[in-house]
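**Student:** This is the structure I have questions about; it appears just below.
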There are 2 protein chains.
Amino acid sequence: MNVPIKIPDTKNILADIPVQLPEELFTSLLRNDKFHIERIISRGHANAKNEWYDQDHDEWLILIQGEAVLEFSGQRALKKLQAGDYLLIPAHCRHRVEWTDPDMQSVWLAVHF
Amino acid sequence: MNVPIKIPDTKNILADIPVQLPEELFTSLLRNDKFHIERIISRGHANAKNEWYDQDHDEWLILIQGEAVLEFSGQRALKKLQAGDYLLIPAHCRHRVEWTDPDMQSVWLAVHF
């Protein structure tokens with residue numbers, strides 16, 4: 001018996017980005033009981049000084065497009081990210097976005113788990 | 001008490017790609033009990049006719065770089081993918097790679113779960 005199969009829908013991670021980005025744009029791509037895949041679009045956005053992410057969960061993060069600089073709490077050195085760079089940020093590893101390129105959209109893919 | 005924090009290591013998804021790719025290259029980026037993130041590099045690789053993937057698990061897939069064509073079992077239409085395209089391939093949705101660009105590396109990021 002042949003069960004009709006629906007071709008999976010395809011979307012593009014660079015689509016549906018508004019021209020104006022007054023704030024960072026968070027878009028959920030896939031969420032289930034194991035993890036949450038999220039797209040984040042930045043354009044010149046950054047955290048304020050002393051504004052830290054301190055998450056209860058681990059996060060795997062890749063910068064698909066653009067450039068960014070992250071700061072990690074207690075570390076003097078900043079971490080510059082270029083397109084294709086990925087890293088695992090463990091839970092409660094306090095971090096903040098120091099800088100993102102103001103001249104282009106930086107596109108992140110985050111897997112929260 | 002300040003616990004010393006190690007800055008997360010950063011790697012690049014376009015790094016460590018051999019010049020010669022006689023076969024597709026599969027590299028595990030992160031594996032835990034919830035999912036497995038894998039990088040796949042193709043350059044002109046494709047499945048043979050009637051060679052199908054029929055997986056027991058769901059797979060979320062994004063083409064980071066390159067171009068590819070997928071075929072889904074029972075569907076006449078092929079699905080062309082360009083950089084940034086992503087899709088969810090449910091378990092037992094039989095599919096195969098019909099074509100990948102022979103002139104550049106196609107870089108996939110797959111989340112198996």
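FYI, nothing fancy with the structure tokens labels: chains A, B, ... in order, residues from 1 per chain, ligands from 1 as they appear.
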Which residues of chain A have any atom within 9 Å of an atom in chain B when counting only C-alpha atoms, and what is the closest pair of atoms for each, with the distance in Å to one decimal? Order the rows by chain and rising number and write it as JSON lines.

**Tutor:**
```
{"residue": "A:Asn2", "atom": "CA", "partner": "B:Gly74", "partner_atom": "CA", "distance": 8.4}
{"residue": "A:Val3", "atom": "CA", "partner": "B:Gly74", "partner_atom": "CA", "distance": 9.0}
{"residue": "A:Pro4", "atom": "CA", "partner": "B:Gly74", "partner_atom": "CA", "distance": 7.4}
{"residue": "A:Ile5", "atom": "CA", "partner": "B:Gly74", "partner_atom": "CA", "distance": 7.0}
{"residue": "A:Lys6", "atom": "CA", "partner": "B:Gln75", "partner_atom": "CA", "distance": 8.3}
{"residue": "A:Ile7", "atom": "CA", "partner": "B:Phe72", "partner_atom": "CA", "distance": 6.6}
{"residue": "A:Pro8", "atom": "CA", "partner": "B:Leu88", "partner_atom": "CA", "distance": 6.2}
{"residue": "A:Asp9", "atom": "CA", "partner": "B:Leu87", "partner_atom": "CA", "distance": 6.1}
{"residue": "A:Thr10", "atom": "CA", "partner": "B:Leu87", "partner_atom": "CA", "distance": 4.9}
{"residue": "A:Lys11", "atom": "CA", "partner": "B:Asp85", "partner_atom": "CA", "distance": 5.4}
{"residue": "A:Asn12", "atom": "CA", "partner": "B:Asp85", "partner_atom": "CA", "distance": 4.1}
{"residue": "A:Ile13", "atom": "CA", "partner": "B:Gly84", "partner_atom": "CA", "distance": 5.1}
{"residue": "A:Leu14", "atom": "CA", "partner": "B:Gly84", "partner_atom": "CA", "distance": 6.3}
{"residue": "A:Ala15", "atom": "CA", "partner": "B:Gly84", "partner_atom": "CA", "distance": 8.7}
{"residue": "A:Leu30", "atom": "CA", "partner": "B:Trp60", "partner_atom": "CA", "distance": 8.5}
{"residue": "A:Lys34", "atom": "CA", "partner": "B:Lys34", "partner_atom": "CA", "distance": 5.7}
{"residue": "A:Phe35", "atom": "CA", "partner": "B:Lys34", "partner_atom": "CA", "distance": 7.7}
{"residue": "A:Trp60", "atom": "CA", "partner": "B:Leu30", "partner_atom": "CA", "distance": 8.5}
{"residue": "A:Ile62", "atom": "CA", "partner": "B:Ile13", "partner_atom": "CA", "distance": 8.6}
{"residue": "A:Ile64", "atom": "CA", "partner": "B:Ile64", "partner_atom": "CA", "distance": 7.3}
{"residue": "A:Phe72", "atom": "CA", "partner": "B:Ile7", "partner_atom": "CA", "distance": 6.6}
{"residue": "A:Ser73", "atom": "CA", "partner": "B:Ile5", "partner_atom": "CA", "distance": 7.8}
{"residue": "A:Gly74", "atom": "CA", "partner": "B:Ile5", "partner_atom": "CA", "distance": 7.0}
{"residue": "A:Gln75", "atom": "CA", "partner": "B:Ile7", "partner_atom": "CA", "distance": 7.4}
{"residue": "A:Lys79", "atom": "CA", "partner": "B:Ile7", "partner_atom": "CA", "distance": 8.5}
{"residue": "A:Leu81", "atom": "CA", "partner": "B:Thr10", "partner_atom": "CA", "distance": 8.2}
{"residue": "A:Gln82", "atom": "CA", "partner": "B:Asn12", "partner_atom": "CA", "distance": 8.3}
{"residue": "A:Ala83", "atom": "CA", "partner": "B:Asn12", "partner_atom": "CA", "distance": 7.9}
{"residue": "A:Gly84", "atom": "CA", "partner": "B:Asn12", "partner_atom": "CA", "distance": 5.0}
{"residue": "A:Asp85", "atom": "CA", "partner": "B:Asn12", "partner_atom": "CA", "distance": 4.1}
{"residue": "A:Tyr86", "atom": "CA", "partner": "B:Lys11", "partner_atom": "CA", "distance": 5.5}
{"residue": "A:Leu87", "atom": "CA", "partner": "B:Thr10", "partner_atom": "CA", "distance": 4.9}
{"residue": "A:Leu88", "atom": "CA", "partner": "B:Pro8", "partner_atom": "CA", "distance": 6.2}
{"residue": "A:Ile89", "atom": "CA", "partner": "B:Pro8", "partner_atom": "CA", "distance": 6.2}
{"residue": "A:Pro90", "atom": "CA", "partner": "B:Pro8", "partner_atom": "CA", "distance": 8.1}
{"residue": "A:Cys93", "atom": "CA", "partner": "B:Ile5", "partner_atom": "CA", "distance": 7.4}
{"residue": "A:Phe113", "atom": "CA", "partner": "B:Lys34", "partner_atom": "CA", "distance": 8.3}
```

**Student:** Env of Ala48 (chain A): 10 Å cut, atoms = only C-alpha atoms, seq-sep filter 2 positions within chain, self excluded. Answer as a PDB file with N, CA, C and O atoms, in the first residue's frame.

**Tutor:**
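The result, written out as selection_5.pdb:
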```
ATOM      1  N   HIS A  45      22.940  45.329  16.547  1.00  0.00           N
ATOM      2  CA  HIS A  45      22.433  45.187  17.910  1.00  0.00           C
ATOM      3  C   HIS A  45      23.523  44.622  18.831  1.00  0.00           C
ATOM      4  O   HIS A  45      24.374  43.851  18.408  1.00  0.00           O
ATOM      5  N   ALA A  46      23.445  45.009  20.070  1.00  0.00           N
ATOM      6  CA  ALA A  46      24.377  44.501  21.076  1.00  0.00           C
ATOM      7  C   ALA A  46      23.713  44.620  22.434  1.00  0.00           C
ATOM      8  O   ALA A  46      22.737  45.352  22.593  1.00  0.00           O
ATOM      9  N   ASN A  50      27.260  45.197  30.964  1.00  0.00           N
ATOM     10  CA  ASN A  50      26.749  44.521  32.165  1.00  0.00           C
ATOM     11  C   ASN A  50      25.362  43.913  31.985  1.00  0.00           C
ATOM     12  O   ASN A  50      24.697  43.588  32.970  1.00  0.00           O
ATOM     13  N   GLU A  51      24.915  43.781  30.744  1.00  0.00           N
ATOM     14  CA  GLU A  51      23.668  43.040  30.458  1.00  0.00           C
ATOM     15  C   GLU A  51      24.079  41.658  29.957  1.00  0.00           C
ATOM     16  O   GLU A  51      24.609  41.520  28.858  1.00  0.00           O
ATOM     17  N   TRP A  52      23.856  40.644  30.767  1.00  0.00           N
ATOM     18  CA  TRP A  52      24.370  39.302  30.485  1.00  0.00           C
ATOM     19  C   TRP A  52      23.232  38.317  30.249  1.00  0.00           C
ATOM     20  O   TRP A  52      22.201  38.387  30.900  1.00  0.00           O
ATOM     21  N   ARG A  96      27.470  37.921  26.697  1.00  0.00           N
ATOM     22  CA  ARG A  96      26.714  39.020  26.084  1.00  0.00           C
ATOM     23  C   ARG A  96      27.236  39.291  24.682  1.00  0.00           C
ATOM     24  O   ARG A  96      28.358  38.921  24.342  1.00  0.00           O
ATOM     25  N   VAL A  97      26.390  39.905  23.883  1.00  0.00           N
ATOM     26  CA  VAL A  97      26.803  40.308  22.542  1.00  0.00           C
ATOM     27  C   VAL A  97      27.394  41.703  22.656  1.00  0.00           C
ATOM     28  O   VAL A  97      26.708  42.663  23.029  1.00  0.00           O
ATOM     29  N   GLU A  98      28.678  41.807  22.357  1.00  0.00           N
ATOM     30  CA  GLU A  98      29.379  43.096  22.465  1.00  0.00           C
ATOM     31  C   GLU A  98      29.157  43.927  21.209  1.00  0.00           C
ATOM     32  O   GLU A  98      29.061  45.161  21.289  1.00  0.00           O
ATOM     33  N   TRP A  99      29.022  43.252  20.061  1.00  0.00           N
ATOM     34  CA  TRP A  99      28.950  43.996  18.787  1.00  0.00           C
ATOM     35  C   TRP A  99      28.421  43.077  17.704  1.00  0.00           C
ATOM     36  O   TRP A  99      28.709  41.868  17.717  1.00  0.00           O
TER      37      TRP A  99
END
```

**Student:** Please report, as a ChimeraX atom specification, each residue of chain A to which DSSP assigns strand (DSSP E or B) when run on this structure's backbone.

**Tutor:** /A:10-12,25-31,36-42,53,59-65,67-72,79-82,85-89,95-100,106-112

**Student:** Restricting it to N, CA and C atoms, dump the selection as a short mmCIF file (atom, residue, chain, number, x, y, z; two decimals), in the first residue's frame.

**Tutor:**
```cif
data_model
loop_
_atom_site.label_atom_id
_atom_site.label_comp_id
_atom_site.auth_asym_id
_atom_site.auth_seq_id
_atom_site.Cartn_x
_atom_site.Cartn_y
_atom_site.Cartn_z
N THR A 10 10.05 23.57 2.28
CA THR A 10 11.37 24.17 2.40
C THR A 10 11.20 25.66 2.64
N LYS A 11 11.96 26.17 3.56
CA LYS A 11 12.03 27.61 3.77
C LYS A 11 13.49 28.03 3.72
N ASN A 12 13.70 29.32 3.59
CA ASN A 12 15.08 29.81 3.57
C ASN A 12 15.34 30.68 4.78
N LEU A 25 15.65 40.16 15.92
CA LEU A 25 14.48 39.40 15.51
C LEU A 25 14.69 37.92 15.86
N PHE A 26 13.81 37.37 16.68
CA PHE A 26 13.88 35.97 17.09
C PHE A 26 12.74 35.20 16.42
N THR A 27 13.07 34.15 15.68
CA THR A 27 12.06 33.37 14.97
C THR A 27 12.26 31.90 15.29
N SER A 28 11.21 31.28 15.79
CA SER A 28 11.30 29.86 16.12
C SER A 28 11.17 29.03 14.84
N LEU A 29 12.14 28.14 14.59
CA LEU A 29 12.10 27.31 13.38
C LEU A 29 11.59 25.91 13.68
N LEU A 30 11.93 25.38 14.84
CA LEU A 30 11.47 24.04 15.22
C LEU A 30 11.55 23.91 16.73
N ARG A 31 10.46 23.48 17.33
CA ARG A 31 10.45 23.31 18.78
C ARG A 31 9.81 21.98 19.11
N HIS A 36 15.02 23.36 20.86
CA HIS A 36 14.34 24.47 20.19
C HIS A 36 15.35 25.11 19.25
N ILE A 37 15.03 25.08 17.95
CA ILE A 37 15.90 25.72 16.96
C ILE A 37 15.33 27.10 16.65
N GLU A 38 16.18 28.08 16.74
CA GLU A 38 15.75 29.48 16.63
C GLU A 38 16.68 30.23 15.68
N ARG A 39 16.09 31.08 14.87
CA ARG A 39 16.87 32.01 14.06
C ARG A 39 16.90 33.36 14.77
N ILE A 40 18.06 33.96 14.78
CA ILE A 40 18.20 35.29 15.37
C ILE A 40 18.86 36.19 14.33
N ILE A 41 18.25 37.35 14.09
CA ILE A 41 18.80 38.32 13.15
C ILE A 41 19.23 39.56 13.92
N SER A 42 20.48 39.93 13.73
CA SER A 42 21.01 41.13 14.38
C SER A 42 21.53 42.07 13.29
N TYR A 53 23.47 37.40 29.32
CA TYR A 53 22.63 36.21 29.23
C TYR A 53 23.13 35.19 30.25
N GLU A 59 23.25 25.93 24.96
CA GLU A 59 22.91 26.50 23.65
C GLU A 59 24.05 26.24 22.68
N TRP A 60 23.69 25.62 21.55
CA TRP A 60 24.66 25.48 20.45
C TRP A 60 24.34 26.55 19.44
N LEU A 61 25.36 27.29 19.04
CA LEU A 61 25.14 28.51 18.28
C LEU A 61 26.06 28.56 17.08
N ILE A 62 25.51 28.88 15.91
CA ILE A 62 26.35 29.08 14.73
C ILE A 62 25.97 30.40 14.08
N LEU A 63 26.99 31.13 13.66
CA LEU A 63 26.76 32.37 12.91
C LEU A 63 26.76 32.02 11.42
N ILE A 64 25.59 32.10 10.81
CA ILE A 64 25.46 31.70 9.40
C ILE A 64 25.99 32.79 8.48
N GLN A 65 25.74 34.02 8.84
CA GLN A 65 26.12 35.16 8.00
C GLN A 65 26.42 36.33 8.91
N GLU A 67 29.02 39.22 11.06
CA GLU A 67 30.14 39.24 12.00
C GLU A 67 29.64 39.73 13.35
N ALA A 68 30.25 39.19 14.39
CA ALA A 68 29.81 39.54 15.73
C ALA A 68 30.96 39.39 16.71
N VAL A 69 30.81 40.01 17.85
CA VAL A 69 31.77 39.87 18.94
C VAL A 69 31.01 39.51 20.21
N LEU A 70 31.43 38.43 20.85
CA LEU A 70 30.82 38.01 22.11
C LEU A 70 31.78 38.29 23.25
N GLU A 71 31.20 38.55 24.42
CA GLU A 71 31.99 38.66 25.64
C GLU A 71 31.53 37.60 26.62
N PHE A 72 32.46 36.97 27.31
CA PHE A 72 32.14 35.98 28.32
C PHE A 72 32.56 36.51 29.68
N LYS A 79 35.53 37.53 22.00
CA LYS A 79 35.58 36.48 20.98
C LYS A 79 34.91 37.00 19.71
N LYS A 80 35.71 37.14 18.66
CA LYS A 80 35.16 37.61 17.39
C LYS A 80 34.66 36.41 16.58
N LEU A 81 33.46 36.52 16.07
CA LEU A 81 32.87 35.45 15.27
C LEU A 81 32.70 35.90 13.83
N GLN A 82 33.03 35.00 12.92
CA GLN A 82 32.79 35.23 11.51
C GLN A 82 31.82 34.18 10.99
N ASP A 85 31.29 30.29 12.05
CA ASP A 85 31.80 29.95 13.39
C ASP A 85 30.67 29.40 14.25
N TYR A 86 30.97 28.35 15.02
CA TYR A 86 29.98 27.79 15.91
C TYR A 86 30.60 27.48 17.25
N LEU A 87 29.78 27.42 18.28
CA LEU A 87 30.28 27.16 19.62
C LEU A 87 29.16 26.64 20.51
N LEU A 88 29.53 26.00 21.57
CA LEU A 88 28.58 25.50 22.57
C LEU A 88 28.70 26.37 23.81
N ILE A 89 27.60 26.99 24.20
CA ILE A 89 27.58 27.84 25.39
C ILE A 89 26.85 27.08 26.49
N HIS A 95 27.20 35.39 29.22
CA HIS A 95 27.78 35.96 28.01
C HIS A 95 26.91 37.11 27.52
N ARG A 96 27.47 37.92 26.70
CA ARG A 96 26.71 39.02 26.08
C ARG A 96 27.24 39.29 24.68
N VAL A 97 26.39 39.91 23.88
CA VAL A 97 26.80 40.31 22.54
C VAL A 97 27.39 41.70 22.66
N GLU A 98 28.68 41.81 22.36
CA GLU A 98 29.38 43.10 22.46
C GLU A 98 29.16 43.93 21.21
N TRP A 99 29.02 43.25 20.06
CA TRP A 99 28.95 44.00 18.79
C TRP A 99 28.42 43.08 17.70
N THR A 100 27.60 43.60 16.82
CA THR A 100 27.30 42.93 15.55
C THR A 100 27.44 43.95 14.44
N SER A 106 23.37 40.05 10.49
CA SER A 106 24.02 38.84 11.02
C SER A 106 22.92 37.84 11.34
N VAL A 107 23.10 36.62 10.83
CA VAL A 107 22.07 35.58 10.95
C VAL A 107 22.64 34.45 11.81
N TRP A 108 22.00 34.22 12.95
CA TRP A 108 22.41 33.17 13.87
C TRP A 108 21.42 32.02 13.81
N LEU A 109 21.94 30.83 14.02
CA LEU A 109 21.09 29.67 14.23
C LEU A 109 21.44 29.14 15.62
N ALA A 110 20.44 29.09 16.50
CA ALA A 110 20.67 28.64 17.87
C ALA A 110 19.87 27.36 18.14
N VAL A 111 20.52 26.40 18.76
CA VAL A 111 19.81 25.20 19.21
C VAL A 111 19.86 25.22 20.74
N HIS A 112 18.71 25.48 21.35
CA HIS A 112 18.58 25.50 22.81
C HIS A 112 18.14 24.11 23.26
#
```

**Student:** How many Å separate CA of Asp58 (chain A) from CA of His92 (chain A)?

**Tutor:**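 Result for CA of Asp58 (chain A) versus CA of His92 (chain A): 8.1 Å, one decimal.
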
**Student:** One decimal, Å: what's the distance from CA of His57 (chain A) over to CA of Glu24 (chain A), could you say?

**Tutor:**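 Between CA of His57 (chain A) and CA of Glu24 (chain A) the gap is 20.6 Å.
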